[in-house]
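**Q** Structure below; questions to follow.
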Amino acid sequence: MSTEVVSTLPALVTIVPAAAGVLILILGRFIGWMREALALVGVLSAFAFSIGIARAALDHRVLTSFGRQFYADSLSALMVSLVSGIGLLATVYSLKYMRHQVQEGGLPHTTSEGRLTTFYGWLMFFISTMLWACLSNNIIMLYVAVEASTIASGLLVAFYWDKRALEAGYKYLMLLTVGITFALFGCVLVYAAGAAALGGHRGLLLSDLKSVAGSFPPTTVALACAFLIVGFGTKAGIAPFHPWLPDAHAEAPTPVSALLSGVMLKVAVYALVRTVSLFYPGFSPVAMFVLGLGVFTLILGDLMALAQNDLKRMLAYSSVSQMGYVLMGFGIGTQMGIYAGLFHMLNHALAKSLLFLAAGSVIYSTGARGISNLGGLAKKMPITAFCFFVGAFAVSGLPPFNGFQSKLALFVAGAEAGDWWAVVLGIGASLITLVVLVKAARTVFWGKLSEAAAAPTVREAPMSVLVAMVILAVLCLGIGIFPRAVYAPLNAASEMVQTVKSATSEMIPKGRDARNINR
Amino acid sequence: MVSQNLVHTLSLMMIFTSFAAVEARNLRHATVAYSFQALLICGLLAAYSVQNSALIYWAATALVTKAILIPCFLWRSTQGAEDETKPLIGFGVSAVLLIVVLSVMYKLMHMHAGLFINVRGSLGELAGTNLAVAFTVFILGLYAILTRRDAIKTVIGLCLLENGVHLSLVSLAPTIKETALAGIATEVVVTVYLLLYIIGGVREKFATTDTFKLSELHW
């Protein structure tokens with residue numbers, strides 16, 4: 001049984017990067033080196049605080065701040081570790097990468113130094129708002145934090161300020177804001193019902209809503225779930241609400257693409273699961289709907305990825321597909337399914353961030369991003385090539401990479417729950433993923449040197465770019481070979497989500513949520 | 001006690017101003033209609049504050065954000081380009097749609113308000129009217145975003161959409177904390193500012209704010 005402990009860590013993990021963002025915007029214009037230094041300090045501190053939160057969660061302590069408004073249980077701990085970890089690597093990657101990119105243009109009415117200041121300032125706000133979303137125990141503030149992360153990243157998506165970036169930025173802000181407004185309706189309905197059952201402000205707290213959600217009227221639950229799924233599902237890139245995703249992920253600067261694909265989608269799924277799973281024990285058809293939506297998403301995303309020639313756009317559609325797998329796990333609804341969904345969420349965050357960073361490395365060196373315009377780069381960029389292949393194999397689910405472990409867990413969970421149709425479709429889509437990614441990797445890195453790759457200026461990316469990629473590649477391989485290393489935090493996190501069905505797998509210990517199982 | 005006549009009058013005027021904001025072809029006229037609508041929301045919130053005093057803070061926040069800041073941003077961004085790009089659907093269809101939506105919502109909210117917990121308890125019979133207006137404004141906003149080609153008009157649609165949700169908070173979450181309300185209100189302003197900033201860039205690079213001309217990115 002977890003005990004609640006009042007702590008400053010959940011507050012600090014959010015406030016420190018935000019404060020770093022403010023300082024960067026104020027001081028960065030006058031003292032150039034300060035912006036990079038402050039960004040590193042901000043995100044490194046957030047990562048250190050996240051580790052503290054994760055350790056407390058493993059010791060069965062739930063850290064709370066601001067009168068339980070911030071609530072760091074083991075699921076939140078997993079999320080903040082993921083967000084701050086990938087955020088740290090994306091910041092390290094940006095050091096050389098963005099200095100190079102801002103020379104070619106970007107936000108108007110400023111110099112390249114000014115653009116860098118804006119970039120790092122908003123990057124810190126983006127990371128901070130995602131961390132806030134993962135820790136918010138207040139259902140309305142959860143919506144506020146998720147929407148704040150959209151606002152914080154809007155300018156980053158349009159950063160290059162050319163026609164493509166502006167179109168992507170407009171679509172991103174407009175579609176996500178419309179979508180997330182639906183989520184606000186859903187949150188308000190849940191609060192209205194919760195306040196009637198719990199009274200006053202307790203109806204806002206997700207940790208307290210768990211105990212009464214089963215008693216809500218079915219019509220309220222149906223309406224609230226529909227609004228929440230459309231709202232948070234839009235932000236998570238779930239089909240058919242995904243059209244903003246390929247544009248934004250492809251046109252944003254690469255470190256931002258890695259954060260969008262690697263963690264922002266996961267934060268939205270987290271918000272979806274935190275809210276919708278409240279109704280799993282009492283209203284199991286909700287889980288079936290989530291499962292159907294997940295399978296539809298994973299198939300559509302893969303089919304769309306097949307048709308792409310732009311490297312980043314192809315990776316973006318692949319992200320749509322992989323979010324379908326994550327949703328599939330949550331839709332299966334057993335503890336094993338939720339465990340597998342979280343496991344795939346972690347693995348996809350690592351592998352897709354790696355793929356985007358490797359694609360960025362290719363763009364940095366060649367200036368090209370059309371798959372058909374590239375070829376033979378492995379000779380000139382062996383480390384980038386290695387990292388891209390690791391990412392491609394991991395996302396495709398090949399052994400011994402991490403994606404294999406999580407997809408296996410997903411398929412086992414699906415089979416145990418009797419959702420064979422989902423398992424068959426999931427395996428089929430996984431084969432398409434393999435074809436898409438390996439074909440792209442082969443075209444870009446093998447064969448004869450293309451014109452874009454043959455230029456004498458094309459060489460391996462700088463050290464800070466490589467360091468971030470190599471760390472992610474090692475993690476993809478390490479978790480694939482030693483999956484037990486992440487069992488404890490994932491299992492603890494999965495126990496925080498309500499379930500609908502009994503899990504009988506021996507791969508994970510029986511959960512404490514057995515009391516919630518009603519089917 | 002909240003005056004039923006006052007609430008019904010303000011609600012009816014809200015529907016008219018929403019419709020005017022969607023249908024006015026001149027973007028500045030649409031902005032003026034929107035700011036009137038924002039003032040009406042403030043009036044409604046102030047009227048409801050007789051029963052729940054916390055709503056007066058919500059009314060004050062709405063006055064600053066919705067009735068002053070957002071119209072100022074919209075006014076500035078329409079300088080030199082006041083005429084809206086011709087929309088996909090014209091006045092006649094919009095008028096029919098408004099009547100249908102309002103009738104359905106009014107009937108639904110008065111007959112089945114129990115769908116939403118605690119509604120009757122907080123505002124009595126007025127809750128049904130309030131929710132019917134809120135949902136109608138929400139749908140009008142969505143309609144504007146889907147059928148208007150001009151990017152600035154879609155931002156006005158987004159503002160209407162948000163106003164619909166915020167108005168529903170009065171009935172559905174009357175005891176909500178001020179911090180949550182402040183967070184919700186602030187976000188709308190920042191989102192609108194950022195969207196208009198990006199639309200300024202779109203106008204500069206594409207020489208238009210017609211969203212149909214934004215076709216650089218294909219699936």
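Every chain in the structure tokens has a letter given in the order shown (A, B, ...), and although residue numbers restart at 1 in each chain, ligands are simply numbered from 1 in the order shown.
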Would you mind listing what lies within 12 Å of Val424 (chain A) as a list of chain:residue names, with only C-alpha atoms counted and same-chain residues fewer than 3 positions away left out?
**A**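 Result of the neighbour search: A:Val295, A:Ile299, A:Leu410, A:Phe411, A:Val412, A:Gly414, A:Ala415, A:Gly418, A:Asp419, A:Trp420, A:Trp421, A:Ile427, A:Gly428, A:Ala429, A:Ser430, A:Leu431.
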**Q** So that I have them on file, write out the residues from the current selection with C-alpha atoms, as a PDB file, in the first residue's frame.
**A**
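Below is the file that was written, selection37.pdb:
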```pdb
ATOM      1  CA  VAL A 295      -6.317  -1.113 -34.045  1.00  0.00           C
ATOM      2  CA  ILE A 299      -3.354   0.016 -39.517  1.00  0.00           C
ATOM      3  CA  LEU A 410       0.945  -6.714 -26.280  1.00  0.00           C
ATOM      4  CA  PHE A 411       0.156  -9.748 -28.399  1.00  0.00           C
ATOM      5  CA  VAL A 412       0.270 -12.095 -25.389  1.00  0.00           C
ATOM      6  CA  GLY A 414      -4.433  -9.608 -26.456  1.00  0.00           C
ATOM      7  CA  ALA A 415      -4.440 -13.383 -26.861  1.00  0.00           C
ATOM      8  CA  GLY A 418      -9.434 -13.308 -26.240  1.00  0.00           C
ATOM      9  CA  ASP A 419      -8.960 -10.291 -28.557  1.00  0.00           C
ATOM     10  CA  TRP A 420      -7.501 -12.445 -31.336  1.00  0.00           C
ATOM     11  CA  TRP A 421      -8.681 -10.200 -34.125  1.00  0.00           C
ATOM     12  CA  ILE A 427       1.044  -8.578 -36.220  1.00  0.00           C
ATOM     13  CA  GLY A 428       0.110  -7.778 -39.819  1.00  0.00           C
ATOM     14  CA  ALA A 429       0.636  -4.047 -39.308  1.00  0.00           C
ATOM     15  CA  SER A 430       3.952  -4.776 -37.605  1.00  0.00           C
ATOM     16  CA  LEU A 431       5.163  -6.460 -40.788  1.00  0.00           C
TER      17      LEU A 431
END
```
**Q** Hey, list the chain B side of the contact with chain A: 7 Å cut-off, only C-alpha atoms, answer as a ChimeraX atom specification.
**A** /B:115-118,158,162,165,172-173,175,180,183-184,187,191,195,198-199,201-202,205,214,216-217
**Q** What's the 9 Å shell around Ala57 (chain A), counting only C-alpha atoms, without same-chain residues fewer than 6 positions away, as a PyMOL selection string?
**A** chain A and resi 2+63+72-78+489+492-493
**Q** I want to know what sits within 9 Å of Met323 (chain A), based on only C-alpha atoms, with residues of the same chain fewer than 2 positions away left out; could you give that as a PyMOL selection string?
**A** chain A and resi 236-238+265-266+269+294+297-298+301+318-321+325-328+344-345+348
**Q** Could you please determine the separation between CA of Val286 (chain A) and CA of Leu300 (chain A) in Å, to one decimal place?
**A**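 Value for the CA of Val286 (chain A)-CA of Leu300 (chain A) distance: 21.3 Å.
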**Q** Could you list, as a PDB file with N, CA and C atoms, in the first residue's frame, every residue within 10 Å of Cys159 (chain B), counting only C-alpha atoms and ignoring same-chain residues fewer than 4 positions away?
**A**
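That gives us selection-v4.pdb:
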```pdb
ATOM      1  N   VAL A 178      -8.944  23.048 -31.027  1.00  0.00           N
ATOM      2  CA  VAL A 178     -10.333  22.610 -31.195  1.00  0.00           C
ATOM      3  C   VAL A 178     -10.519  21.243 -30.520  1.00  0.00           C
TER       4      VAL A 178
ATOM      5  N   TYR B  34     -18.327  39.730 -32.038  1.00  0.00           N
ATOM      6  CA  TYR B  34     -17.727  38.837 -31.041  1.00  0.00           C
ATOM      7  C   TYR B  34     -17.538  39.557 -29.700  1.00  0.00           C
ATOM      8  N   ALA B  38     -18.989  38.666 -26.034  1.00  0.00           N
ATOM      9  CA  ALA B  38     -18.175  38.508 -24.830  1.00  0.00           C
ATOM     10  C   ALA B  38     -18.758  39.346 -23.675  1.00  0.00           C
ATOM     11  N   LYS B  66     -11.875  38.165 -22.809  1.00  0.00           N
ATOM     12  CA  LYS B  66     -12.739  37.948 -23.976  1.00  0.00           C
ATOM     13  C   LYS B  66     -13.253  39.256 -24.585  1.00  0.00           C
ATOM     14  N   ILE B  70      -8.901  39.875 -26.568  1.00  0.00           N
ATOM     15  CA  ILE B  70      -9.066  39.130 -27.827  1.00  0.00           C
ATOM     16  C   ILE B  70      -9.596  40.034 -28.951  1.00  0.00           C
ATOM     17  N   VAL B 137     -23.849  27.812 -29.084  1.00  0.00           N
ATOM     18  CA  VAL B 137     -22.674  28.650 -29.397  1.00  0.00           C
ATOM     19  C   VAL B 137     -21.482  27.754 -29.756  1.00  0.00           C
ATOM     20  N   PHE B 138     -21.328  26.664 -29.018  1.00  0.00           N
ATOM     21  CA  PHE B 138     -20.242  25.711 -29.283  1.00  0.00           C
ATOM     22  C   PHE B 138     -20.353  25.172 -30.718  1.00  0.00           C
ATOM     23  N   GLY B 141     -19.543  27.749 -33.340  1.00  0.00           N
ATOM     24  CA  GLY B 141     -18.092  27.928 -33.441  1.00  0.00           C
ATOM     25  C   GLY B 141     -17.462  26.844 -34.290  1.00  0.00           C
ATOM     26  N   LEU B 142     -17.870  25.606 -34.034  1.00  0.00           N
ATOM     27  CA  LEU B 142     -17.351  24.469 -34.805  1.00  0.00           C
ATOM     28  C   LEU B 142     -17.729  24.618 -36.281  1.00  0.00           C
ATOM     29  N   LYS B 153     -11.274  34.241 -39.653  1.00  0.00           N
ATOM     30  CA  LYS B 153     -12.638  33.840 -39.288  1.00  0.00           C
ATOM     31  C   LYS B 153     -12.622  32.517 -38.519  1.00  0.00           C
ATOM     32  N   THR B 154     -11.708  31.653 -38.861  1.00  0.00           N
ATOM     33  CA  THR B 154     -11.627  30.384 -38.105  1.00  0.00           C
ATOM     34  C   THR B 154     -11.194  30.649 -36.657  1.00  0.00           C
ATOM     35  N   VAL B 155     -10.380  31.696 -36.472  1.00  0.00           N
ATOM     36  CA  VAL B 155      -9.983  32.046 -35.097  1.00  0.00           C
ATOM     37  C   VAL B 155     -11.207  32.561 -34.330  1.00  0.00           C
ATOM     38  N   ASN B 163     -16.107  29.963 -25.930  1.00  0.00           N
ATOM     39  CA  ASN B 163     -17.149  30.643 -25.155  1.00  0.00           C
ATOM     40  C   ASN B 163     -18.275  29.680 -24.792  1.00  0.00           C
ATOM     41  N   GLY B 164     -18.625  28.818 -25.725  1.00  0.00           N
ATOM     42  CA  GLY B 164     -19.663  27.823 -25.469  1.00  0.00           C
ATOM     43  C   GLY B 164     -19.297  26.936 -24.291  1.00  0.00           C
ATOM     44  N   VAL B 188      -6.845  30.746 -23.534  1.00  0.00           N
ATOM     45  CA  VAL B 188      -7.540  31.168 -24.753  1.00  0.00           C
ATOM     46  C   VAL B 188      -6.860  32.399 -25.339  1.00  0.00           C
ATOM     47  N   VAL B 189      -6.521  33.340 -24.474  1.00  0.00           N
ATOM     48  CA  VAL B 189      -5.897  34.574 -24.948  1.00  0.00           C
ATOM     49  C   VAL B 189      -4.557  34.270 -25.618  1.00  0.00           C
ATOM     50  N   THR B 191      -3.478  31.436 -26.868  1.00  0.00           N
ATOM     51  CA  THR B 191      -3.675  30.665 -28.105  1.00  0.00           C
ATOM     52  C   THR B 191      -4.077  31.586 -29.252  1.00  0.00           C
ATOM     53  N   VAL B 192      -5.040  32.489 -28.982  1.00  0.00           N
ATOM     54  CA  VAL B 192      -5.495  33.407 -30.033  1.00  0.00           C
ATOM     55  C   VAL B 192      -4.351  34.306 -30.485  1.00  0.00           C
TER      56      VAL B 192
END
```
**Q** Choose the residue, out of A:Asp310, A:Glu113, A:Glu4, A:Asp59, that has the smallest atom-to-atom separation from Ser207 (chain A); count only C-alpha atoms.
**A**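 Using only C-alpha atoms, the shortest distance to Ser207 (chain A) belongs to A:Glu4.
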